[in-house]
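Trainee: One file: final-v3.csv (CSV, C-alpha atoms).
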```csv
chain,number,residue,atom,x,y,z
A,1,PRO,CA,103.5,108.9,157.8
A,2,LEU,CA,100.5,111.2,157.7
A,3,SER,CA,98.7,109.2,155.1
A,4,ARG,CA,98.5,106.0,157.2
A,5,SER,CA,98.9,106.7,160.8
A,6,ASN,CA,96.6,107.5,163.7
A,7,LEU,CA,97.8,111.1,164.0
A,8,SER,CA,98.9,112.2,167.4
A,9,TRP,CA,100.6,115.6,168.0
A,10,ARG,CA,102.8,116.9,170.8
A,11,PRO,CA,103.9,120.6,171.2
A,12,LEU,CA,107.5,121.3,170.2
A,13,LEU,CA,108.9,124.3,171.9
A,14,ILE,CA,111.5,125.3,169.2
A,15,SER,CA,110.6,127.0,165.9
A,16,LEU,CA,112.3,126.3,162.7
A,17,MET,CA,113.6,128.1,159.6
A,18,ALA,CA,114.3,126.9,156.1
A,19,LEU,CA,115.6,128.7,153.0
A,20,VAL,CA,112.2,128.2,151.4
A,21,ASN,CA,109.2,128.8,153.7
A,22,VAL,CA,105.6,128.1,152.7
A,23,THR,CA,103.6,130.9,154.1
A,24,ASN,CA,100.1,130.0,152.7
A,25,VAL,CA,98.2,127.4,150.7
A,26,GLU,CA,94.8,128.4,149.6
A,27,VAL,CA,92.4,125.7,148.3
A,28,LEU,CA,90.5,127.2,145.3
A,29,GLU,CA,87.1,126.2,144.0
A,30,ASN,CA,86.2,124.1,147.0
A,31,PRO,CA,83.8,122.2,147.4
A,32,ALA,CA,83.9,120.8,143.9
A,33,LYS,CA,82.8,117.8,141.7
A,34,PHE,CA,84.9,114.7,142.2
A,35,SER,CA,85.9,114.9,138.5
A,36,ASP,CA,87.1,118.6,138.7
A,37,PRO,CA,90.8,119.4,138.9
A,38,PHE,CA,92.4,120.3,142.1
A,39,LYS,CA,93.6,124.0,142.4
A,40,LEU,CA,95.9,125.2,145.1
A,41,GLN,CA,97.4,128.7,145.3
A,42,ILE,CA,100.8,128.4,147.0
A,43,THR,CA,102.7,131.3,148.5
A,44,PHE,CA,106.3,130.8,149.7
A,45,ASP,CA,109.3,132.9,150.7
A,46,CYS,CA,112.9,132.3,149.7
A,47,VAL,CA,115.4,133.8,152.1
A,48,ALA,CA,119.1,134.7,151.6
A,49,PRO,CA,121.4,133.2,150.5
A,50,GLY,CA,118.7,131.6,148.3
A,51,ILE,CA,118.7,128.3,146.4
A,52,LYS,CA,120.4,127.3,143.1
A,53,ASP,CA,118.0,124.7,141.7
A,54,GLU,CA,114.3,124.2,141.0
A,55,LEU,CA,111.6,123.2,143.5
A,56,GLU,CA,109.6,120.0,142.8
A,57,TRP,CA,106.0,120.1,143.9
A,58,LYS,CA,103.7,117.0,144.0
A,59,LEU,CA,100.1,116.4,144.8
A,60,VAL,CA,99.3,112.9,145.9
A,61,TYR,CA,95.8,111.4,146.4
A,62,VAL,CA,95.7,108.6,149.0
A,63,GLY,CA,93.4,106.0,147.5
A,64,SER,CA,93.3,103.7,150.6
A,65,ALA,CA,94.3,104.0,154.2
A,66,GLU,CA,95.4,100.3,154.1
A,67,SER,CA,98.1,100.4,151.4
A,68,GLU,CA,100.4,102.9,149.6
A,69,GLU,CA,99.9,100.9,146.4
A,70,HIS,CA,96.7,102.9,145.8
A,71,ASP,CA,98.3,106.3,146.2
A,72,GLN,CA,98.2,108.4,143.0
A,73,VAL,CA,100.6,111.2,142.1
A,74,LEU,CA,98.1,113.5,140.4
A,75,ASP,CA,100.7,115.9,139.0
A,76,THR,CA,104.3,117.2,139.5
A,77,VAL,CA,105.4,120.7,138.7
A,78,LEU,CA,108.9,122.2,138.7
A,79,VAL,CA,109.1,125.8,139.9
A,80,GLY,CA,112.3,127.8,139.2
A,81,PRO,CA,114.6,129.6,139.1
A,82,VAL,CA,113.5,130.8,142.5
A,83,SER,CA,114.3,134.4,143.4
A,84,ILE,CA,114.9,135.7,146.9
A,85,GLY,CA,111.6,137.1,148.2
A,86,ARG,CA,107.9,136.1,147.9
A,87,SER,CA,106.5,134.0,145.1
A,88,THR,CA,102.9,132.8,144.4
A,89,PHE,CA,101.6,130.3,141.8
A,90,VAL,CA,98.6,128.1,141.2
A,91,PHE,CA,99.1,124.3,141.2
A,92,LYS,CA,96.5,122.7,139.1
A,93,ALA,CA,96.2,118.9,139.1
A,94,PRO,CA,93.8,116.4,137.5
A,95,PRO,CA,91.4,114.4,139.7
A,96,PRO,CA,92.3,110.8,140.6
A,97,ASP,CA,91.6,107.9,138.4
A,98,VAL,CA,88.6,106.3,140.0
A,99,LYS,CA,89.5,102.9,138.5
A,100,LYS,CA,92.6,102.8,140.7
A,101,ILE,CA,90.7,103.4,143.9
A,102,PRO,CA,89.3,100.4,145.8
A,103,GLU,CA,85.5,100.4,145.6
A,104,GLN,CA,85.1,100.4,149.4
A,105,ASP,CA,87.4,103.5,149.7
A,106,LEU,CA,85.8,105.7,147.1
A,107,MET,CA,83.3,107.4,149.4
A,108,GLY,CA,84.0,109.1,152.7
A,109,VAL,CA,87.2,110.6,154.1
A,110,THR,CA,90.6,110.3,152.6
A,111,ILE,CA,93.7,112.5,152.3
A,112,ILE,CA,95.6,114.5,149.7
A,113,LEU,CA,99.3,115.3,150.3
A,114,LEU,CA,101.1,118.4,148.8
A,115,THR,CA,104.8,117.9,149.0
A,116,CYS,CA,107.8,119.9,148.0
A,117,HIS,CA,111.3,118.5,147.3
A,118,TYR,CA,114.6,120.2,146.7
A,119,LYS,CA,117.3,118.1,145.0
A,120,ASP,CA,115.2,115.0,145.6
A,121,LYS,CA,114.9,115.8,149.3
A,122,GLU,CA,111.4,116.4,150.8
A,123,PHE,CA,111.4,119.5,153.1
A,124,ILE,CA,107.6,120.1,153.5
A,125,ARG,CA,104.4,118.0,153.4
A,126,VAL,CA,100.9,119.5,153.7
A,127,GLY,CA,98.1,117.1,154.3
A,128,TYR,CA,94.4,117.8,153.9
A,129,TYR,CA,91.4,115.6,154.8
A,130,VAL,CA,89.0,115.2,151.9
A,131,ASN,CA,85.4,114.1,152.2
A,132,ASN,CA,83.8,112.5,149.1
A,133,TYR,CA,80.0,112.5,149.4
A,134,CYS,CA,76.9,112.0,147.3
A,135,ASN,CA,74.8,115.1,146.7
A,136,ASN,CA,71.8,113.3,145.2
A,137,GLU,CA,69.1,113.2,147.9
A,138,GLU,CA,67.1,110.4,146.2
A,139,PHE,CA,70.1,108.2,145.9
A,140,ASN,CA,71.0,108.8,149.5
A,141,LYS,CA,67.5,108.0,150.7
A,142,GLU,CA,67.5,104.7,148.8
A,143,PHE,CA,70.9,103.4,149.6
A,144,MET,CA,71.9,104.9,152.9
A,145,ASP,CA,71.8,102.7,156.0
A,146,ASP,CA,70.7,103.6,159.5
A,147,GLU,CA,74.3,104.6,160.3
A,148,GLY,CA,74.5,107.1,157.5
A,149,LYS,CA,76.7,104.9,155.2
A,150,LEU,CA,76.0,104.3,151.6
A,151,MET,CA,75.4,100.6,150.7
A,152,LYS,CA,76.6,101.2,147.1
A,153,ASN,CA,78.6,103.8,145.3
A,154,PRO,CA,76.8,106.5,143.3
A,155,SER,CA,77.8,107.3,139.7
A,156,LEU,CA,80.7,109.7,139.3
A,157,ASP,CA,78.5,112.7,138.4
A,158,MET,CA,76.8,112.4,141.8
A,159,ILE,CA,80.1,112.6,143.8
A,160,ARG,CA,81.4,115.8,145.3
A,161,ARG,CA,84.5,116.4,147.3
A,162,ASN,CA,85.1,118.9,150.2
A,163,ILE,CA,88.6,119.6,151.3
A,164,ALA,CA,89.1,120.6,154.9
A,165,ALA,CA,91.0,123.6,153.8
A,166,LYS,CA,91.2,125.3,157.2
A,167,GLN,CA,92.6,122.2,158.9
A,168,PRO,CA,95.9,121.3,157.2
A,169,ARG,CA,98.6,119.2,158.8
A,170,VAL,CA,102.1,120.4,157.9
A,171,THR,CA,105.3,118.4,158.4
A,172,ARG,CA,108.7,120.0,157.9
A,173,PHE,CA,112.0,118.2,157.3
A,174,ASP,CA,115.5,119.6,157.8
A,175,ILE,CA,117.5,119.3,154.6
A,176,PRO,CA,121.0,120.5,153.6
A,177,TRP,CA,119.8,122.6,150.7
A,178,ASP,CA,122.9,123.5,148.6
A,179,SER,CA,125.4,122.5,151.3
A,180,GLU,CA,125.6,121.0,154.7
A,181,SER,CA,126.5,124.4,156.1
A,182,GLN,CA,123.0,125.6,155.1
A,183,LYS,CA,121.4,122.9,157.3
A,184,ILE,CA,120.6,125.6,160.0
A,185,PRO,CA,118.2,126.0,162.9
A,186,MET,CA,115.0,127.6,161.8
A,187,ASP,CA,113.7,130.9,163.3
A,188,ASP,CA,110.7,133.2,163.1
A,189,HIS,CA,111.1,133.4,159.3
A,190,SER,CA,109.2,130.1,159.1
A,191,GLY,CA,106.2,132.2,158.2
A,192,LEU,CA,103.4,129.8,159.0
A,193,GLY,CA,103.2,131.5,162.4
A,194,GLN,CA,101.6,128.7,164.4
A,195,MET,CA,102.8,126.3,167.0
A,196,ILE,CA,105.2,123.7,165.6
A,197,GLN,CA,104.4,120.2,166.6
A,198,ASP,CA,106.2,116.9,166.0
A,199,GLU,CA,104.8,113.7,164.5
A,200,ASN,CA,105.1,110.4,166.3
A,201,SER,CA,107.6,109.2,163.7
A,202,GLY,CA,110.1,111.8,164.8
A,203,ASP,CA,111.2,112.2,161.2
A,204,GLY,CA,110.0,115.8,160.9
A,205,ASN,CA,108.2,118.6,162.5
A,206,ALA,CA,104.5,119.1,162.0
A,207,MET,CA,102.2,122.1,162.5
A,208,ASP,CA,98.9,123.6,161.8
A,209,ILE,CA,98.9,126.4,159.3
```
Show how you would write the structure in this file as structure tokens.

Mentor:
Amino acid sequence: PLSRSNLSWRPLLISLMALVNVTNVEVLENPAKFSDPFKLQITFDCVAPGIKDELEWKLVYVGSAESEEHDQVLDTVLVGPVSIGRSTFVFKAPPPDVKKIPEQDLMGVTIILLTCHYKDKEFIRVGYYVNNYCNNEEFNKEFMDDEGKLMKNPSLDMIRRNIAAKQPRVTRFDIPWDSESQKIPMDDHSGLGQMIQDENSGDGNAMDI
């Protein structure tokens, strides 16, 4: 999975279509304090014949690259009923609980995962790298080693996060939607408009937005 693998991407020459196509995710208020909520403005298209049930969106904070047990689901939101056409909403989620993050993994680079499920089946996953850093110069001078790594963690009020908003990794999964007959090849309606690439796992198709 994106959260715990050394990512390697290969070009995939086909393009894909789904009944719900995420066309844009905009990271709002970035950079921000570590303690600030996450805000993502999500735009998606629903194409005919449409879908009957709600979409379930989740935002996951990867607390450690070593184990999923430190992953935190920051929030879940249901969106629906979904009309055919374009929809936009802002997904706001609280920051992670710092007590659930291993001390050695608090600072530096980690990942957030935005996922969407339909009828309990994940059909898209958007991953962003997040850099947690200290913006206090005096603290950095005192506790940073020669390699630029902090020898101790700063207090929470000194930590800021910067999401690599222009470098998302998107993985798509083919699902049956409301019936197996709707499990159809995707076409140019995919909307994200960039080269689709597949992940080593082979479980889905990944691309850059």

Trainee: Compile the contact shell of Gly80 in chain A as a ChimeraX atom specification: residues with an atom at most 10 Å away, counting only C-alpha atoms, same-chain residues fewer than 5 positions apart removed.

Mentor: /A:51-56

Trainee: Which residues are near Glu69 in chain A? Cut-off 10 Å, all atoms listed in the file, ignore same chain within fewer than 5 positions. Put them as a list in words.

Mentor: Val62, Gly63, Ser64, Lys100 and Ile101 of chain A

Trainee: Extract, using only C-alpha atoms, all DNA, RNA and protein residues at most 8 Å from range 130-147 of chain A, discarding same-chain residues fewer than 2 positions from it, and format them as a ChimeraX atom specification.

Mentor: /A:34,106-112,128,149-152,154,158-164

Trainee: Which is closest to Trp57 in chain A among A:Lys33, A:His117, A:Lys166, A:Arg86, if we use all atoms listed in the file?

Mentor: A:His117

Trainee: Please determine, counting all atoms listed in the file, which residue among A:Val170, A:Ile175, A:Val82, A:Val90 has the shortest atom-to-atom distance to Val47 in chain A.

Mentor: A:Val82

Trainee: Kindly indicate which residue among A:Asn153, A:Thr76, A:Ile84, A:Phe173 lies nearest to Lys121 in chain A, using only C-alpha atoms for the distances.

Mentor: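 Smallest separation from Lys121 in chain A among the options: A:Phe173.
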
Trainee: If I take CA of Gln167 in chain A and CA of Arg125 in chain A, how far is one from the other in Å, to one decimal?

Mentor: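 CA of Arg125 in chain A lies at a distance of 13.7 Å from CA of Gln167 in chain A.
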
Trainee: Rank A:Val60, A:Val20, A:Val25, A:Ala48 by their smallest atom-to-atom distance to Thr115 in chain A, using all atoms listed in the file, and report the top residue only.

Mentor: A:Val60

Trainee: As an exercise, work out the distance from CA of Gly148 in chain A to CA of Asp105 in chain A in Å and give it to one decimal place.

Mentor: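 Taking CA of Gly148 in chain A and CA of Asp105 in chain A, their separation equals 15.5 Å.
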
Trainee: To one decimal place in Å, what is the distance between CA of Val27 in chain A and CA of Arg169 in chain A?

Mentor: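 CA of Arg169 in chain A lies 13.8 Å from CA of Val27 in chain A.
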
Trainee: In terms of the shortest atom-to-atom distance over all atoms listed in the file, which of A:Trp177, A:Ile124, A:Leu74, A:Leu59 is closest to Val98 in chain A?

Mentor: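 Of the candidates, the smallest distance to Val98 in chain A is held by A:Leu74.
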
Trainee: Looking at all atoms listed in the file, which of A:Thr171, A:Ser179, A:Ser35, A:Ser155 is the one that sits closest to Gly50 in chain A?

Mentor: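 That would be A:Ser179, the residue with the smallest distance to Gly50 in chain A.
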